[in-house]
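Participant: Please find query05.cif (mmCIF, C-alpha atoms) on the next line:
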data_structure
loop_
_atom_site.label_atom_id
_atom_site.label_comp_id
_atom_site.auth_asym_id
_atom_site.auth_seq_id
_atom_site.Cartn_x
_atom_site.Cartn_y
_atom_site.Cartn_z
CA MET A 1 104.18 14.63 130.53
CA MET A 2 106.46 17.47 131.61
CA ILE A 3 109.41 15.19 132.47
CA PRO A 4 109.66 13.60 128.98
CA ARG A 5 109.42 17.08 127.47
CA LEU A 6 112.29 18.36 129.63
CA THR A 7 114.27 15.25 128.81
CA ASN A 8 113.81 15.88 125.09
CA LEU A 9 114.91 19.51 125.46
CA PHE A 10 117.97 18.48 127.44
CA THR A 11 118.87 15.89 124.80
CA LEU A 12 118.45 18.48 122.06
CA PHE A 13 120.64 20.92 123.98
CA LEU A 14 123.39 18.32 124.11
CA LEU A 15 123.03 17.65 120.41
CA VAL A 16 123.23 21.26 119.30
CA LEU A 17 126.11 22.24 121.55
CA PRO A 18 128.98 23.06 119.23
CA PHE A 19 132.02 20.84 119.40
CA THR A 20 135.13 22.76 120.38
CA LEU A 21 138.80 21.78 120.36
CA ALA A 22 141.57 24.07 121.58
CA HIS A 23 145.24 23.33 120.99
CA ARG A 24 148.68 24.85 121.47
CA ILE A 25 151.52 23.32 119.47
CA ASP A 26 155.15 23.96 118.52
CA ILE A 27 156.08 23.56 114.85
CA ASP A 28 159.76 23.07 114.07
CA PRO A 29 161.36 24.76 111.04
CA GLY A 30 160.77 22.87 107.82
CA GLU A 31 157.91 20.87 109.36
CA LYS A 32 154.11 20.88 109.26
CA GLU A 33 151.30 19.61 111.48
CA CYS A 34 148.06 18.23 110.03
CA TYR A 35 144.75 17.28 111.65
CA PHE A 36 141.39 16.13 110.37
CA GLU A 37 137.72 16.17 111.31
CA SER A 38 135.14 13.68 110.06
CA LEU A 39 132.09 15.61 108.88
CA GLN A 40 128.74 14.79 107.35
CA PRO A 41 126.94 16.90 104.73
CA GLN A 42 125.79 20.28 106.13
CA ASP A 43 127.99 19.97 109.22
CA LYS A 44 129.79 23.24 109.90
CA MET A 45 133.34 23.78 111.11
CA THR A 46 135.38 26.88 111.88
CA ILE A 47 139.14 26.99 112.46
CA THR A 48 140.83 30.01 114.02
CA TYR A 49 144.56 30.26 114.63
CA GLU A 50 147.26 32.66 115.74
CA VAL A 51 151.03 32.44 115.95
CA GLY A 52 151.87 33.32 119.54
CA GLY A 53 155.66 33.14 119.43
CA SER A 54 158.76 32.36 117.44
CA THR A 55 162.30 31.32 118.34
CA SER A 56 165.52 32.79 116.97
CA GLY A 57 163.83 36.08 116.12
CA GLY A 58 161.72 34.63 113.31
CA HIS A 59 158.58 36.19 111.91
CA LEU A 60 155.22 35.41 113.51
CA ASP A 61 153.72 33.74 110.44
CA ILE A 62 152.54 30.34 109.26
CA ASP A 63 151.08 28.69 106.14
CA PHE A 64 147.58 27.22 106.49
CA TYR A 65 145.48 25.13 104.12
CA VAL A 66 142.41 22.88 104.14
CA VAL A 67 141.87 19.76 102.02
CA ASP A 68 138.48 18.13 101.41
CA PRO A 69 137.82 14.34 101.49
CA HIS A 70 138.62 14.12 97.76
CA GLY A 71 142.13 15.53 98.21
CA LYS A 72 141.29 18.96 96.77
CA THR A 73 142.70 22.03 98.49
CA ILE A 74 139.70 24.25 99.22
CA TYR A 75 141.45 27.01 101.17
CA THR A 76 144.98 28.29 101.64
CA GLN A 77 146.76 31.18 103.37
CA HIS A 78 150.46 31.97 103.14
CA LYS A 79 152.64 33.60 105.80
CA LYS A 80 149.86 34.90 108.04
CA SER A 81 150.17 35.51 111.77
CA GLN A 82 146.48 34.78 112.36
CA GLY A 83 143.44 33.70 110.43
CA SER A 84 140.03 32.07 110.42
CA PHE A 85 138.23 29.74 108.03
CA SER A 86 134.67 28.40 108.09
CA LEU A 87 133.15 25.69 105.94
CA SER A 88 129.89 23.84 105.51
CA ALA A 89 130.59 20.25 104.50
CA SER A 90 129.26 19.36 101.06
CA SER A 91 130.17 15.68 101.33
CA SER A 92 130.94 13.22 104.09
CA GLY A 93 134.51 12.29 104.94
CA LYS A 94 137.70 13.59 106.51
CA TYR A 95 138.47 17.28 106.12
CA THR A 96 142.18 17.83 106.72
CA TYR A 97 143.73 21.12 107.82
CA CYS A 98 147.47 21.74 108.04
CA PHE A 99 149.76 24.35 109.58
CA SER A 100 153.07 24.51 107.73
CA ASN A 101 156.36 26.01 108.85
CA GLU A 102 158.21 24.61 105.85
CA MET A 103 159.10 28.10 104.60
CA SER A 104 161.27 28.68 107.70
CA SER A 105 164.77 27.24 107.97
CA TYR A 106 165.61 28.20 111.56
CA ALA A 107 162.61 29.54 113.54
CA ARG A 108 160.23 27.32 115.48
CA LYS A 109 156.66 28.66 115.70
CA VAL A 110 154.33 28.49 118.69
CA LEU A 111 150.77 28.18 117.42
CA SER A 112 147.39 28.32 119.17
CA PHE A 113 144.28 27.23 117.31
CA ASN A 114 140.63 26.43 117.98
CA VAL A 115 138.32 24.15 116.05
CA HIS A 116 134.61 24.47 116.62
CA GLY A 117 131.50 23.64 114.67
CA GLN A 118 127.84 22.77 114.56
CA LEU A 119 126.42 19.37 113.74
CA TYR A 120 123.44 19.40 111.41
CA ILE A 121 120.40 17.82 113.07
CA GLY A 122 117.37 18.69 110.99
CA ASP A 123 115.17 21.14 109.12
CA GLU A 124 114.83 24.56 110.76
CA GLU A 125 111.13 24.72 109.88
CA GLN A 126 110.39 21.63 111.97
CA ILE A 127 112.02 22.98 115.14
CA ALA A 128 109.80 24.21 117.96
CA PRO A 129 110.32 27.82 119.14
CA VAL A 130 111.80 26.73 122.47
CA GLU A 131 114.19 24.38 120.70
CA GLN A 132 115.23 27.19 118.35
CA GLU A 133 115.93 29.38 121.38
CA VAL A 134 118.20 26.64 122.72
CA ARG A 135 120.11 26.66 119.45
CA ASP A 136 120.43 30.44 119.50
CA LEU A 137 121.70 30.38 123.09
CA SER A 138 124.20 27.69 122.18
CA ALA A 139 125.49 29.76 119.26
CA GLY A 140 125.76 32.83 121.50
CA LEU A 141 127.74 30.90 124.11
CA GLN A 142 130.11 29.69 121.43
CA LEU A 143 130.72 33.26 120.24
CA VAL A 144 131.60 34.29 123.79
CA LYS A 145 134.01 31.34 124.15
CA ASP A 146 135.65 32.17 120.82
CA GLU A 147 136.13 35.79 121.85
CA GLN A 148 137.66 34.73 125.17
CA ALA A 149 140.04 32.34 123.43
CA TYR A 150 141.05 35.10 121.01
CA LEU A 151 141.70 37.54 123.86
CA VAL A 152 143.86 34.96 125.67
CA VAL A 153 146.00 34.47 122.57
CA ARG A 154 146.29 38.22 121.96
CA GLU A 155 147.33 38.76 125.58
CA ARG A 156 150.03 36.10 125.20
CA VAL A 157 151.33 37.71 122.01
CA HIS A 158 151.43 41.17 123.61
CA ARG A 159 153.13 39.80 126.72
CA ASN A 160 155.80 38.10 124.61
CA THR A 161 156.33 41.33 122.68
CA CYS A 162 156.68 43.36 125.88
CA GLU A 163 159.10 40.86 127.40
CA SER A 164 161.19 40.85 124.23
CA THR A 165 161.25 44.67 124.15
CA ASN A 166 162.20 44.89 127.83
CA SER A 167 165.01 42.40 127.30
CA ARG A 168 166.40 44.39 124.37
CA VAL A 169 166.18 47.65 126.32
CA LYS A 170 168.00 46.05 129.27
CA TRP A 171 170.86 44.75 127.15
CA TRP A 172 171.13 48.03 125.24
CA ALA A 173 171.37 49.90 128.57
CA ILE A 174 174.11 47.51 129.69
CA VAL A 175 176.03 48.06 126.44
CA GLN A 176 175.67 51.84 126.79
CA THR A 177 176.95 51.67 130.37
CA VAL A 178 179.97 49.62 129.35
CA ILE A 179 180.75 52.03 126.51
CA LEU A 180 180.37 55.03 128.84
CA PHE A 181 182.75 53.62 131.46
CA SER A 182 185.21 52.62 128.75
CA LEU A 183 185.22 56.16 127.35
CA CYS A 184 185.67 57.62 130.83
CA ALA A 185 188.60 55.30 131.52
CA TRP A 186 190.19 56.16 128.17
CA ASN A 187 189.76 59.91 128.78
CA VAL A 188 191.33 59.65 132.23
CA HIS A 189 194.22 57.64 130.86
CA TYR A 190 194.73 60.06 127.95
CA LEU A 191 194.66 63.18 130.13
CA LYS A 192 196.97 61.57 132.67
CA SER A 193 199.49 60.66 130.00
CA TRP A 194 199.30 64.18 128.53
CA PHE A 195 200.09 65.83 131.86
CA GLU A 196 202.96 63.40 132.46
CA VAL A 197 204.49 64.44 129.13
CA LYS A 198 204.13 68.13 130.07
CA ARG A 199 206.01 67.61 133.34
CA VAL A 200 208.92 65.99 131.52
CA LEU A 201 209.15 68.98 129.19
#
The structure given in the file should be rewritten as structure tokens.

Facilitator:
Amino acid sequence: MMIPRLTNLFTLFLLVLPFTLAHRIDIDPGEKECYFESLQPQDKMTITYEVGGSTSGGHLDIDFYVVDPHGKTIYTQHKKSQGSFSLSASSSGKYTYCFSNEMSSYARKVLSFNVHGQLYIGDEEQIAPVEQEVRDLSAGLQLVKDEQAYLVVRERVHRNTCESTNSRVKWWAIVQTVILFSLCAWNVHYLKSWFEVKRVL
């Protein structure tokens, strides 16, 4: 009787494991990218995102909104560099979420986002203690994965910032060096011409 019990626990563990999708996309100026998830009532979904880069010196921001199966916008954020949104489905159907770069006319945005959730599988009061522990462990593992994904994105943003700063410092040092040598050459030429005039006098 132990083997069927273990089989049931393993099956339950597979059922309660959160679904997770991780993406990295480029969004051109004036464009938007939309995705959808098919959910049933009481299914849960969380979307986290962060703008990890921008071309042409643009701002690290994006517009984000979520539309329910009836076409109603249930959440929106404007010009944010990062964000998170969680929902519990009230009706079955496709829940659409979009990332819009339509407010930008020249900068392409590099976006990283994760989609994860929990499928509803029954009444909590009817779940055995061991099965509830499996659910709790699954939720804890998902929190760890989310934190790791967030740290990876933050590290990428900080690295891009450091590389951009180093590049600007390098070019500014080059410009300063050119200006310094130009001033030295002009001073030498000016002093030389002044002494030549003195000798003629």

Participant: What gap, in Å, lies between atom CA of A:Phe64 and atom CA of A:His116?

Facilitator: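 Atom CA of A:His116 lies at a distance of 16.7 Å from atom CA of A:Phe64.
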
Participant: Show which residues sit within 7 Å of A:Ala89, as a list of chain:residue names. Count only C-alpha atoms, and ignore same-chain residues fewer than 6 positions away.

Facilitator: A:Leu39, A:Gln40, A:Pro41, A:Gln42, A:Asp43, A:Lys44

Participant: Pull C-alpha atoms from the residues just selected and write them as an mmCIF file, keeping the file's coordinate frame.

Facilitator:
data_model
loop_
_atom_site.group_PDB
_atom_site.id
_atom_site.type_symbol
_atom_site.label_atom_id
_atom_site.label_comp_id
_atom_site.auth_asym_id
_atom_site.auth_seq_id
_atom_site.Cartn_x
_atom_site.Cartn_y
_atom_site.Cartn_z
ATOM 1 C CA LEU A 39 132.090 15.610 108.880
ATOM 2 C CA GLN A 40 128.740 14.790 107.350
ATOM 3 C CA PRO A 41 126.940 16.900 104.730
ATOM 4 C CA GLN A 42 125.790 20.280 106.130
ATOM 5 C CA ASP A 43 127.990 19.970 109.220
ATOM 6 C CA LYS A 44 129.790 23.240 109.900
#

Participant: Hey, which of A:Glu31, A:Glu50, A:Glu37, A:Glu155 ends up closest to A:Ser104? Count only C-alpha atoms.

Facilitator: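 Among A:Glu31, A:Glu50, A:Glu37, A:Glu155, it is A:Glu31 that comes nearest to A:Ser104.
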
Participant: So what do you get for atom CA of A:Ile74 versus atom CA of A:Ile25, distance-wise?

Facilitator: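 Computing the Euclidean distance for atom CA of A:Ile74 and atom CA of A:Ile25 yields 23.5 Å.
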
Participant: For this file, the PyMOL selection byres ((chain A and resi 75) around 6) selects which residues, as a list in words?

Facilitator: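 Applied to this file, the PyMOL selection byres ((chain A and resi 75) around 6) returns Tyr65, Val66, Thr73, Ile74 and Thr76 of chain A.
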
Participant: Please expand the PyMOL selection byres ((chain A and resi 82) around 7) into the concrete residues it hits in this file, giving the result as an MDAnalysis selection string.

Facilitator: chainID A and resid 49:51 80:81 83

Participant: Any chance you can output those residues with C-alpha atoms as an mmCIF file, in the frame of the given file?

Facilitator:
data_model
loop_
_atom_site.group_PDB
_atom_site.id
_atom_site.type_symbol
_atom_site.label_atom_id
_atom_site.label_comp_id
_atom_site.auth_asym_id
_atom_site.auth_seq_id
_atom_site.Cartn_x
_atom_site.Cartn_y
_atom_site.Cartn_z
ATOM 1 C CA TYR A 49 144.560 30.260 114.630
ATOM 2 C CA GLU A 50 147.260 32.660 115.740
ATOM 3 C CA VAL A 51 151.030 32.440 115.950
ATOM 4 C CA LYS A 80 149.860 34.900 108.040
ATOM 5 C CA SER A 81 150.170 35.510 111.770
ATOM 6 C CA GLY A 83 143.440 33.700 110.430
#

Participant: I need the output of the PyMOL selection byres ((chain A and resi 103) around 9) for this file as a list in words; which residues are they?

Facilitator: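 Answer for the PyMOL selection byres ((chain A and resi 103) around 9): Pro29, Gly30, Glu31, Ile62, Asp63, Lys79, Ser100, Asn101, Glu102, Ser104 and Ser105 of chain A.
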
Participant: What is the distance, in Å and to one decimal place, between atom CA of A:Gly93 and atom CA of A:Tyr150?

Facilitator: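 So the answer is 28.7 Å.
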
Participant: Counting all atoms listed in the file, select every polymer residue within 8 Å of (146.6, 25.6, 117.3) as defined in the file's coordinates, and provide the selection as an MDAnalysis selection string.

Facilitator: chainID A and resid 22:25 48:50 111:114

Participant: So which one's closest to A:Ser88, A:Thr46, A:Gly53, A:Tyr106, A:Lys192? Using all atoms listed in the file, please.

Facilitator: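 For A:Ser88, the nearest of the candidates is A:Thr46.
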
Participant: Within 10 Å of A:Ser54, counting all atoms listed in the file, which residues qualify if same-chain residues fewer than 2 places away don't, as a ChimeraX atom specification?

Facilitator: /A:26-28,51-52,56-61,106-111,160

Participant: Deliver the residues from the most recent selection as a file, using C-alpha atoms, as a PDB file, in the coordinates of the input.

Facilitator:
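Produced file again-v9.pdb, reproduced below:
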ATOM      1  CA  ASP A  26     155.150  23.960 118.520  1.00  0.00           C
ATOM      2  CA  ILE A  27     156.080  23.560 114.850  1.00  0.00           C
ATOM      3  CA  ASP A  28     159.760  23.070 114.070  1.00  0.00           C
ATOM      4  CA  VAL A  51     151.030  32.440 115.950  1.00  0.00           C
ATOM      5  CA  GLY A  52     151.870  33.320 119.540  1.00  0.00           C
ATOM      6  CA  SER A  56     165.520  32.790 116.970  1.00  0.00           C
ATOM      7  CA  GLY A  57     163.830  36.080 116.120  1.00  0.00           C
ATOM      8  CA  GLY A  58     161.720  34.630 113.310  1.00  0.00           C
ATOM      9  CA  HIS A  59     158.580  36.190 111.910  1.00  0.00           C
ATOM     10  CA  LEU A  60     155.220  35.410 113.510  1.00  0.00           C
ATOM     11  CA  ASP A  61     153.720  33.740 110.440  1.00  0.00           C
ATOM     12  CA  TYR A 106     165.610  28.200 111.560  1.00  0.00           C
ATOM     13  CA  ALA A 107     162.610  29.540 113.540  1.00  0.00           C
ATOM     14  CA  ARG A 108     160.230  27.320 115.480  1.00  0.00           C
ATOM     15  CA  LYS A 109     156.660  28.660 115.700  1.00  0.00           C
ATOM     16  CA  VAL A 110     154.330  28.490 118.690  1.00  0.00           C
ATOM     17  CA  LEU A 111     150.770  28.180 117.420  1.00  0.00           C
ATOM     18  CA  ASN A 160     155.800  38.100 124.610  1.00  0.00           C
TER      19      ASN A 160
END

Participant: Which residues, written as a VMD selection string, have at least one atom at most 12 Å from A:His70, with only C-alpha atoms counted and residues fewer than 5 positions away on the same chain left out?

Facilitator: chain A and resid 90 to 96

Participant: Take the residues just selected and output them with C-alpha atoms as a JSON list (two decimals), keeping the file's coordinate frame.

Facilitator:
[["chain", "number", "residue", "atom", "x", "y", "z"],
["A", 90, "SER", "CA", 129.26, 19.36, 101.06],
["A", 91, "SER", "CA", 130.17, 15.68, 101.33],
["A", 92, "SER", "CA", 130.94, 13.22, 104.09],
["A", 93, "GLY", "CA", 134.51, 12.29, 104.94],
["A", 94, "LYS", "CA", 137.70, 13.59, 106.51],
["A", 95, "TYR", "CA", 138.47, 17.28, 106.12],
["A", 96, "THR", "CA", 142.18, 17.83, 106.72]]
